[in-house]
Structures are given as structure tokens and as C-alpha cells.
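Structure record follows, encoded as C-alpha cells.
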Amino acid sequence: MNSDHSLLCRLNGAQRAAVEFCDGPSLVIAGAGSGKTRVLAHKIAYLMEEQGLQPWQILSLTFTNKAAREMKSRIAGLAGEERARRLWAGTFHSVFARILRNEAETIGFQSNFTIFDSSDSGNLVRLIIREMELDDKLYKPGAVHGQISKAKNSLISPAMYAASTELAHYDRMARRPLLGEIYRRYQLRLGSANSMDFDDLLMFTNILFRDREEVLERYRNQFRYILVDEYQDTNFAQHLIVKQLAETHHRVCVVGDDAQSIYSFRGANIDNILKFKSNFPETRIFKLEQNYRSTQNIVNAANSLIKKNREQIFKNVFSENEEGEKVCLRSAYSDFEEGLIVAGRIARIRLEKHAGYGDFAILYRTNAQSRIFEEALRKNNIPYKIYGGLSFYQRREIKDIISYFRLIVNPDDEEAFRRIINYPARGLGAVTVARIAVAAQQHDASLWQVTGAPSEYGLEVNSGTAGKLKTFHTLMQEFIDRRDTANAFELAQEVIRKSGIARAACDDITPEGMSRAQNVQELLGAINGFVEAQREQGEENVRLTDFLSEVSLLTDQDAGAEEDGEKVTLMTVHSAKGLEFDHVFIVGLEEDLFPSVMAKSESRGLEEERRLLYVAITRARKSCTVTWAKSRFRNGQINTASPSRFLQDIDPTFVEGDGAALRPSPAESGRSSMQAWREQRTATATSAVRADGAEAKRSVQTAAPSTAPSAPLSEEAQALKVGHIIEHERFGRGKVISIEMSGNDRRAFVDFESAGKKQLLLKFARFSIVDPPLSGE
DNA sequence: TAACACTTGTTTTTT
DNA sequence: ACAAGTGTTA
């Protein structure tokens with residue numbers, strides 16, 4: 001083996017070993033920032049250059065479309081555009097959707113099947129629950145769909161579901177005995193709509209491989225080497241697909257990090273990676289432990305956190321980068337102030353470190369948290385972009401238009417039909433649709449079929465309605481007739497014009513209407529872009545079908561990417577997986593938010609949340625700031641919050657800031673306000689007398705002589721002394737004249753520059769100390 | 001049938 | 001707070 005081959009010379013020992021081992025199964029445990037993508041890309045290039053594999057013989061599976069694109073472009077750099085393009089590289093869902101379209105007939109589908117996204121699935125579940133006249137308080141559509149999804153991911157068919165006494169028992173306990181029946185009907189409806197949901201793409205691939213030995217054999221022979229990224233996030237269905245494809249040649253390499261498994265809520269099974277070796281006993285294990293991304297402080301802080309988890313593969317992630325700054329911990333009085341703190345710090349770091357806005361990311365647990373940061377950033381004229389939330393393709397107007405496309409490509413698509421039959425309004429309302437649905441069900445036909453020949457299916461409607469139906473049918477039929485010949489862009493334009501969407505959009509002059517019209521234009525632009533891109537690859541006749549099958553598996557990741565530029569990135573921790581930024585802010589580190597309430601009950605859930613924070617911290621290259629707010633606006637109410645338990649899990653040696661004293665290091669004397677506060681809370685909650693009260697008193701004395709606080713005092717409030725200059729939320733800037741006790745609380749008299757003299761109850765006052773500044777902020 | 005007011009749940013994360 | 005869903009009225 002030529003050791004100074006250009007492909008290998010830029011790799012460290014462990015990376016190179018992982019790349020070079022190609023003759024059997026391998027498991028690469030890749031710590032955060034250890035060059036996992038680089039290894040995968042090099043390995044694929046190596047397979048082609050050194051092992052003589054053709055690109056189309058390599059199957060490379062990633063978790064997101066974005067990761068797939070990234071991988072392809074890196075391989076293009078290593079092995080050339082042409083070969084990169086011919087690889088089978090994509091997400092599980094997109095790759096196997098492609099295969100399923102090729103083989104659709106063998107499993108009873110047409111190759112033009114549509115793909116239901118989760119909201120389509122939810123709608124269908126809701127519809128069925130209603131049809132069965134069940135109580136949707138007991139049978140919550142979301143939860144029901146979740147159960148169905150779980151069953152599918154475990155490859156439990158409706159028949160198996162019905163046959164299982166265990167599941168029946170479980171459902172009876174949950175007071176949802178008819179879940180299996182809902183599942184059965186749901187699956188039937190998907191079938192008659194010639195549609196699959198996300199989970200079906202994996203389940204039917206397995207069914208295909210199970211029932212059609214020759215098909216499985218064909219793909220086994222084609223894919224001479226299989227690589228899977230983020231293996232810790234695969235579910236059973238995905239695992240089994242990989243296992244079967246690799247069954248004969250065992251040439252498979254899975255890469256992942258058990259410490260970054262964050263998708264168990266949707267069926268990912270960490271055992272897949274933990275027990276990979278038991279499936280392929282001769283598996284070679286490689287560990288990538290050197291982190292090239294982050295400073296030592298960041299790596300160490302993350303390590304100290306993840307150490308608190310029980311089940312994990314031993315590894316020693318280390319960094320040889322500079323020590324760097326400590327993780328910065330900041331607390332805020334409110335979510336609002338948290339926004340200001342983050343915005344302020346971004347502005348400061350940008351100037352001090354000459355960073356661009358694009359070097360910053362704000363990561364939160366839930367999408368709902370984004371708003372407050374948007375406002376704060378806007379106020380400070382800081383440009384930003386948001387990933388996630390409602391993705392472009394999820395927006396109402398876009399879904400409506402896409403539904404037209406869906407119905408054109410697959411007229412049996414029930415969801416699409418229901419969506420557009422009366423959009424724009426054409427006098428075909430709920431009553432008519434219900435009648436069509438009944439007729440359809442009686443004759444085991446699709447809604448579209450009934451619409452085409454009302455009398456044959458015994459559909460009784462008055463002549464006016466019949467006319468409207470006919471008009472609608474003719475309109476759609478014209479599109480359908482041309483779907484296989486017409487260019488995607490031109491047909492799409494025509495759909496928007498002839499359907500009346502264009503007119504409706506123009507008439508609407510409300511601000512939302514304008515933005516909707518803009519979105520429609522954007523969609524047309526996207527279609528045009530798609531057509532052009534395909535043309536460049538030599539695909540001359542690009543049809544609507546092609547665009548649709550591409551688009552139904554696209555998600556938020558792609559929508560946000562269009563306008564990059566120098567902007568601060570806002571996203572959930574989940575969507576940040578696989579990304580990195582110089583300066584990372586992790587916000588909302590509060591109990592019941594991060595970790596989320598839902599996860600708290602089980603230790604497994606809690607460990608997953610901890611891994612989630614681990615993922616967040618390890619996104620940072622140079623600096624990492626963690627914040628939490630003592631009160632937060634949620635569900636229309638202000639809620640008080642306590643700091644996340646995870647803050648105590650991080651070794652304070654690597655932390656700086658008001659919370660560094662969360663668990664004081666021995667060198668520090670006294671306790672922080674935070675700790676006192678938490679003790680306070682537990683004390684009042686149990687109304688018990690503290691055993692170590694004396695010590696508590698001493699610590700308080702350092703901050704507030706002769707006082708035991710009756711309420712949590714912020715560090716700022718404790719540190720406040722006569723003569724300090726403060727900045728108050730309402731009153732602005734002012735000087736502290738005196739501080740005295742009133743009852744159990746401390747009260748400050750402050751002379752404000754503009755608002756005059758005021759008394760502030762320190763327990764409640766919202767202010768920050770400007771002079772002298774606290775801990776460098 | 002459509003527009004409007006009212007009620008309800010929702011907020012954990014995503015292919 | 002907010003969006004989506006429901007029911008009521010014209």
C-alpha cells in the first residue's frame with residue numbers, strides 16, 4: 001500500500017486505518033469533530049481509485065439531504081464530478097424511494113406513487129378516527145400516528161398488529177383498543193391512494209426484499225460496498241435493510257457516535273450501533289478520538305457532561321487545539337433579557353474577534369424559542385436566518401400548489417384531492433366531498449374516479465354541483481394528459497394560471513397575501529432551477545413527476561440554505577447535528593425545557609437529552625455560551641424556571657460566568673446565588689428546616705450582610721452596592737444611593753438619570769449593573 | 001357555501 | 001400567544 005498516496009496523506013493514523021480497511025465489516029466510532037465526513041469521503045474515493053469499484057456499485061447512506069449533498073461535493077473534489085454524480089448517495093428515504101419506484105409493481109404500487117409527509121399522514125389519521133366515530137381526545141391523531149409509525153419502524157404490519165396479544169393488551173391499557181383497526185384502515189387508504197408515508201418507504205423496502213429474493217439479490221450484487229453515516233440514529237427497519245444488503249459480501253462500513261444518538265423518539269435504536277458487532281462478528285472497530293474542531297475547554301466541558309450517561313462505548317475524545325476560552329454561562333431574568341444578552345454578546349465577539357455574522361449560531365431546544373431571538377437580533381441590526389419551523393414546502397399556499405402537482409402525477413391521491421377540490425373556492429364544499437367519499441368507499445374507487453363518472457358510482461348531486469365537478473375534472477384531466485410530455489416548469493406555470501390560484505393571489509392585497517404570492521413565485525423559481533440543474537446533467541425532458549419525487553423528501557434544511565450570506569444561524573439543536581460554528585450559543589438551559597418535560601420521566605429520555613446538549617456543545621469551534629432565563633413566556637403565561645440540571649453536570653473547571661459556581665470548585669469560598677436559590681426553593685417546597693443552615697447563612701453573608709433572602713436574588717442583585725451604576729429595564733440608567741432592608745427583602749434607592757429617584761425591590765427588579773461591570777460582560 | 005367569531009390545544013426534536 | 005379547527009350566521 002502506498003502510504004504517501006495523496007488520498008491518505010491528509011489523514012491521521014486512525015482515520016487512515018478506517019479508510020484502508022475494505023475487506024469486511026467495520027464500525028467507526030467517530031467522536032464529535034473527529035473528521036468523520038472526511039473519512040467517509042476519502043473512503044469512497046479510495047474504493048473507486050484503489051479498489052476498482054465503479055461509483056454506482058457504492059451505496060452511501062446519510063441522515064439528511066444536506067449531509068448527502070455535502071458528501072457528494074467532497075467526493076467530487078477528491079474523485080471528480082462525474083464519478084460523484086453516479087454514486088448511490090442519499091438519505092435512506094430518498095435512495096429507497098428511488099428503488100421502490102423502480103420495483104413498485106412487484107409490491108402492488110404504481111411507480112408514480114406519492115409520498116405523504118407527516119401532516120398528510122396526520123390528516124388521514126384524523127379522517128379515519130372521525131369516520132370510525134371515535135373520540136379524538138382519546139385517540140389523538142398525532143399520538144395515533146406516532147404509534148403507527150413506531151409499528152412500521154419495527155416492521156409490524158397491520159395483520160401482525162392485529163394478531164399480537166401483547167399489543168392488544170398494551171392498547172387496552174392505554175384505553176385505545178381500536179388502534180390496530182385504525183392502523184389497518186390507514187394502510188388500506190394509503191394503498192388505494194397509491195401513496196406511501198415516510199415509514200412505508202422503509203417498510204416496503206423490507207417487504208420487497210423479503211418477498212422478492214431476486215430483487216434483493218440484484219441490489220446485493222449491485223452494491224458492492226455500503227457505507228452508513230450516523231448509524232446511531234438508524235431504526236430497526238433501516239438496520240435490517242443494511243444488514244440484508246450486506247449479507248453476502250459483508251462489505252459494509254457504518255459510522256457513528258453513540259454519544260450523539262438523539263432520535264430515539266422516532267424509533268432510532270442505539271443498540272444498532274452498540275450491537276453491530278453481533279450481526280457481523282468479524283467486525284473491525286476503529287475509533288476516531290482526536291477532535292479537530294473545538295478548543296480543549298469545549299471538548300473537556302462536553303466530555304465532563306457526557307460522562308454522566310451510563311450506557312456508552314468507551315472513548316477518549318481529546319483536542320490538541322489551543323486551550324481556548326472557558327464555556328461561558330449566563331443567566332437572565334427573562335427570556336427577553338436572554339435575547340438581549342445573546343445579541344449583545346454576538347455584537348461584542350464579532351468586534352473583538354473580527355468574526356463574521358456567519359460564524360455564529362444560536363441553538364435552542366424547541367422551535368418556539370426562536371421568536372425572542374429574532375426580535376433581539378432585529379433590534380440590534382444583526383442579520384440572521386432561521387432553519388426549521390415551517391419549512392417552505394410546508395406552507396399552506398405551497399402545499400396547495402404541490403397538491404395540484406400530486407393529483408396530476410397520481411390522480412388517486414386522496415389527500416391531494418381533498419386539499420384542492422375547493423381551492424380556490426369553486427363551490428365544492430364539505431358536503432359534496434363527503435358524498436364523493438362515500439360513493440368511493442362503496443365502490444372501492446378513488447375520489448378522482450368517482451369525480452370522473454359520477455353516475456356510474458351512484459353519486460347523487462344536484463345539477464349545479466355536477467357541472468362544477470365536471471369543470472374541475474376537465475381542468476385536471478387536461479393537465480394529466482400532458483404530464484408525461486410537458487416540461488415541468490411550463491406545466492407548473494399553467495397550473496397556477498388556469499386553476500385560478502394566480503388570480504386569487506393577485507386579488508389578495510393583505511401583507512400575508514403579498515408574501516403568499518411571493519412564495520408562489522419562489523416555488524416557480526425553484527422548479528425552474530430544478531429543470532435547469534437537470535438539464536445540465538443531460539436530462540432534457542424534465543417532467544413534473546421528476547420535480548415532485550425530488551421535492552417530497554426535501555425538508556427545512558434545504559429551504560433555509562438558499563440565502564446564505566453573513567448571517568447568524570438560528571436552529572434547533574437537532575438540526576444542528578453535523579454542523580459546526582466558531583461561536584455557539586445554547587439557550588434556554590432550564591428544567592422542563594432542556595431537558596424537556598416529556599423526557600424527564602425516564603432515565604433513558606434524560607440521557608438522550610444529555611446527549612442532545614453534548615451535540616450542541618460540540619458544534620462550537622472557538623467559543624460556547626450557555627444561557628438560561630429565570631422566567632419565560634410559554635403557552636401564554638409567564639413561567640418561572642429553574643436552571644437545567646445539566647448545568648451541574650459540566651465540570652466547573654471549564655466554565656466561566658455567573659453559573660460557574662453552580663457547583664463551586666474547592667478553591668472558591670462561599671456559594672453562588674444560584675445555589676442558594678436552589679436550596680431555597682427545595683427548602684420552601686418541603687417547608688423543612690435546612691440541616692446545614694449555618695453554612696447557607698455564611699454564604700449569603702458574603703453577598704448580603706445580615707440577611708437571609710426570602711426569594712432568589714440574582715447575582716447582580718446580591719452584588720449590588722451603594723454607588724453602583726445600574727441599567728434598569730424600564731427606568732434606564734441610575735446610581736444606587738442606599739440599600740436597606742424592608743421586611744425580609746432588600747430594597748435599593750436609586751437615582752435614575754431620566755426617571756428620577758425610585759425604590760426597587762431587589763427581589764423583582766430587572767436591571768443590570770453597568771459600573772462596575774460583572775464578570776466581564 | 002362562505003365569512004366570521006369562538007374554542008381548543010399546543011410546544012420536543014425530523015426523514 | 002397563536003394557529004387551527006368548530007360552529008354560527010348571512
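Residues are named by chain letter and number: chains run A, B, ... in the order of the C-alpha cells, numbers start at 1 in each chain, and ligands are numbered from 1 in the order shown.
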
| task | Do me a favour and pick out the residues of chain B within 8 Å of chain A, using only C-alpha atoms (C1' of nucleotides), as a PyMOL selection string. | result | chain B and resi 1+10-13+15

Take the selection from the previous step and output its residues with C-alpha atoms (C1' of nucleotides), as a PDB file, in the first residue's frame.
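Output contents, as saved in part.pdb:
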ATOM      1  C1'  DT B   1     -71.464  27.972   0.859  1.00  0.00           C
ATOM      2  C1'  DT B  10     -50.390  23.268  21.526  1.00  0.00           C
ATOM      3  C1'  DT B  11     -44.997  23.116  22.031  1.00  0.00           C
ATOM      4  C1'  DT B  12     -39.747  18.051  21.647  1.00  0.00           C
ATOM      5  C1'  DT B  13     -36.989  17.090  18.494  1.00  0.00           C
ATOM      6  C1'  DT B  15     -36.828  11.840   7.461  1.00  0.00           C
TER       7       DT B  15
END

So that I can see what lies close to segment 3-20 of chain A, please list as a compact mmCIF listing (two decimals) with N, CA and C atoms, in the first residue's frame the residues with an atom at most 8 Å from it, counting only C-alpha atoms (C1' of nucleotides) and leaving out residues fewer than 4 positions away in the same chain.
# COMPACT_ATOMS: atom_id res chain seq x y z
N SER A 26 -16.93 -3.00 9.06
CA SER A 26 -16.22 -2.17 10.02
C SER A 26 -17.18 -1.19 10.68
N VAL A 28 -16.99 2.38 12.68
CA VAL A 28 -16.14 3.51 13.01
C VAL A 28 -16.84 4.35 14.07
N GLY A 35 -13.55 14.23 12.27
CA GLY A 35 -13.28 14.08 10.84
C GLY A 35 -14.00 12.91 10.22
N VAL A 39 -13.43 11.05 6.61
CA VAL A 39 -13.12 9.63 6.47
C VAL A 39 -14.05 8.97 5.46
N LEU A 40 -15.34 9.27 5.57
CA LEU A 40 -16.28 8.67 4.64
C LEU A 40 -15.98 9.07 3.20
N HIS A 42 -13.18 10.17 1.94
CA HIS A 42 -11.91 9.58 1.48
C HIS A 42 -12.08 8.09 1.22
N LYS A 43 -12.87 7.47 2.05
CA LYS A 43 -13.05 6.04 1.88
C LYS A 43 -13.74 5.73 0.55
N ALA A 45 -13.74 7.63 -2.10
CA ALA A 45 -12.77 7.90 -3.17
C ALA A 45 -11.76 6.76 -3.27
N TYR A 46 -11.35 6.28 -2.12
CA TYR A 46 -10.38 5.18 -2.07
C TYR A 46 -10.94 3.92 -2.72
N LEU A 78 -12.50 15.08 -4.52
CA LEU A 78 -11.46 14.05 -4.41
C LEU A 78 -11.38 13.18 -5.65
N PHE A 286 -12.96 0.81 14.61
CA PHE A 286 -11.99 1.91 14.59
C PHE A 286 -12.56 3.04 15.42
N LYS A 287 -11.68 3.67 16.17
CA LYS A 287 -12.14 4.80 16.97
C LYS A 287 -11.42 6.07 16.54
N LEU A 288 -12.20 7.05 16.20
CA LEU A 288 -11.62 8.36 15.89
C LEU A 288 -11.81 9.23 17.13

| request: Assign secondary structure with DSSP using the backbone only, and return the residues of segment 18-81 of chain A in strand (DSSP E or B) as an MDAnalysis selection string. | output: chainID A and resid 26:30 58:62

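Note that atom CA of Arg184 of chain A and atom CA of Ser549 of chain A are 25.9 Å apart.
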
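Any residue of chain C with an atom no more than 12 Å from chain A counts as a contact; using only C-alpha atoms (C1' of nucleotides), that gives DA1, DC2 and DG5 of chain C.
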
Take the residues from that selection and put them in a file with N, CA and C atoms (P, O5', C5', C4', C3', O3' and C1' of nucleotides), as a PDB file, in the first residue's frame.
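Wrote part.pdb, looks like this:
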ATOM      1  P    DA C   1     -51.043  37.476  25.218  1.00  0.00           P
ATOM      2  O5'  DA C   1     -49.756  37.213  24.294  1.00  0.00           O
ATOM      3  C5'  DA C   1     -49.168  35.953  24.342  1.00  0.00           C
ATOM      4  C4'  DA C   1     -48.645  35.576  22.985  1.00  0.00           C
ATOM      5  C3'  DA C   1     -49.385  36.116  21.769  1.00  0.00           C
ATOM      6  O3'  DA C   1     -48.494  36.092  20.663  1.00  0.00           O
ATOM      7  C1'  DA C   1     -49.868  33.818  22.039  1.00  0.00           C
ATOM      8  P    DC C   2     -49.036  36.463  19.212  1.00  0.00           P
ATOM      9  O5'  DC C   2     -49.472  35.037  18.666  1.00  0.00           O
ATOM     10  C5'  DC C   2     -48.497  34.066  18.333  1.00  0.00           C
ATOM     11  C4'  DC C   2     -49.209  32.825  17.886  1.00  0.00           C
ATOM     12  C3'  DC C   2     -50.170  33.056  16.714  1.00  0.00           C
ATOM     13  O3'  DC C   2     -49.635  32.395  15.589  1.00  0.00           O
ATOM     14  C1'  DC C   2     -51.101  31.643  18.378  1.00  0.00           C
ATOM     15  P    DG C   5     -56.654  22.209  11.119  1.00  0.00           P
ATOM     16  O5'  DG C   5     -57.920  22.115  12.071  1.00  0.00           O
ATOM     17  C5'  DG C   5     -57.782  21.554  13.386  1.00  0.00           C
ATOM     18  C4'  DG C   5     -59.068  21.789  14.110  1.00  0.00           C
ATOM     19  C3'  DG C   5     -60.300  21.396  13.288  1.00  0.00           C
ATOM     20  O3'  DG C   5     -61.208  20.709  14.135  1.00  0.00           O
ATOM     21  C1'  DG C   5     -60.477  23.638  14.000  1.00  0.00           C
TER      22       DG C   5
END

| Test item: residues at most 12 Å from DT6 of chain C, only C-alpha atoms (C1' of nucleotides), excluding those fewer than 5 positions along its chain, as a ChimeraX atom specification | /B:4-8

| request: Would you return as an NGL selection string the members of segment 55-233 of chain A that DSSP assigns to helix (DSSP H, G or I) on this structure's backbone? | output: :A and (55-57 or 65-79 or 81-86 or 92-107 or 118-131 or 141-153 or 158-163 or 165-173 or 179-192 or 198-211 or 213-222 or 231-233)

Can you list, as a PDB file with C-alpha atoms, in the first residue's frame, every protein, DNA or RNA residue that comes within 9 Å of segment 537-542 of chain A when you count only C-alpha atoms (C1' of nucleotides), leaving out same-chain residues fewer than 3 positions away?
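Once written, selection17.pdb looks like this:
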ATOM      1  CA  THR A 485     -44.718  15.226 -22.210  1.00  0.00           C
ATOM      2  CA  ALA A 486     -44.822  18.773 -20.879  1.00  0.00           C
ATOM      3  CA  ASN A 487     -41.870  20.463 -19.301  1.00  0.00           C
ATOM      4  CA  ALA A 488     -42.196  20.740 -15.531  1.00  0.00           C
ATOM      5  CA  PHE A 489     -41.762  24.471 -15.354  1.00  0.00           C
ATOM      6  CA  PHE A 530     -34.586  22.198 -10.812  1.00  0.00           C
ATOM      7  CA  VAL A 531     -35.237  21.946 -14.542  1.00  0.00           C
ATOM      8  CA  GLU A 532     -32.042  23.847 -15.310  1.00  0.00           C
ATOM      9  CA  ALA A 533     -29.992  21.720 -12.951  1.00  0.00           C
ATOM     10  CA  GLN A 534     -31.324  18.543 -14.521  1.00  0.00           C
ATOM     11  CA  THR A 545     -43.135  13.897 -11.846  1.00  0.00           C
ATOM     12  CA  ASP A 546     -39.406  14.296 -11.521  1.00  0.00           C
ATOM     13  CA  PHE A 547     -39.720  17.515  -9.595  1.00  0.00           C
TER      14      PHE A 547
END
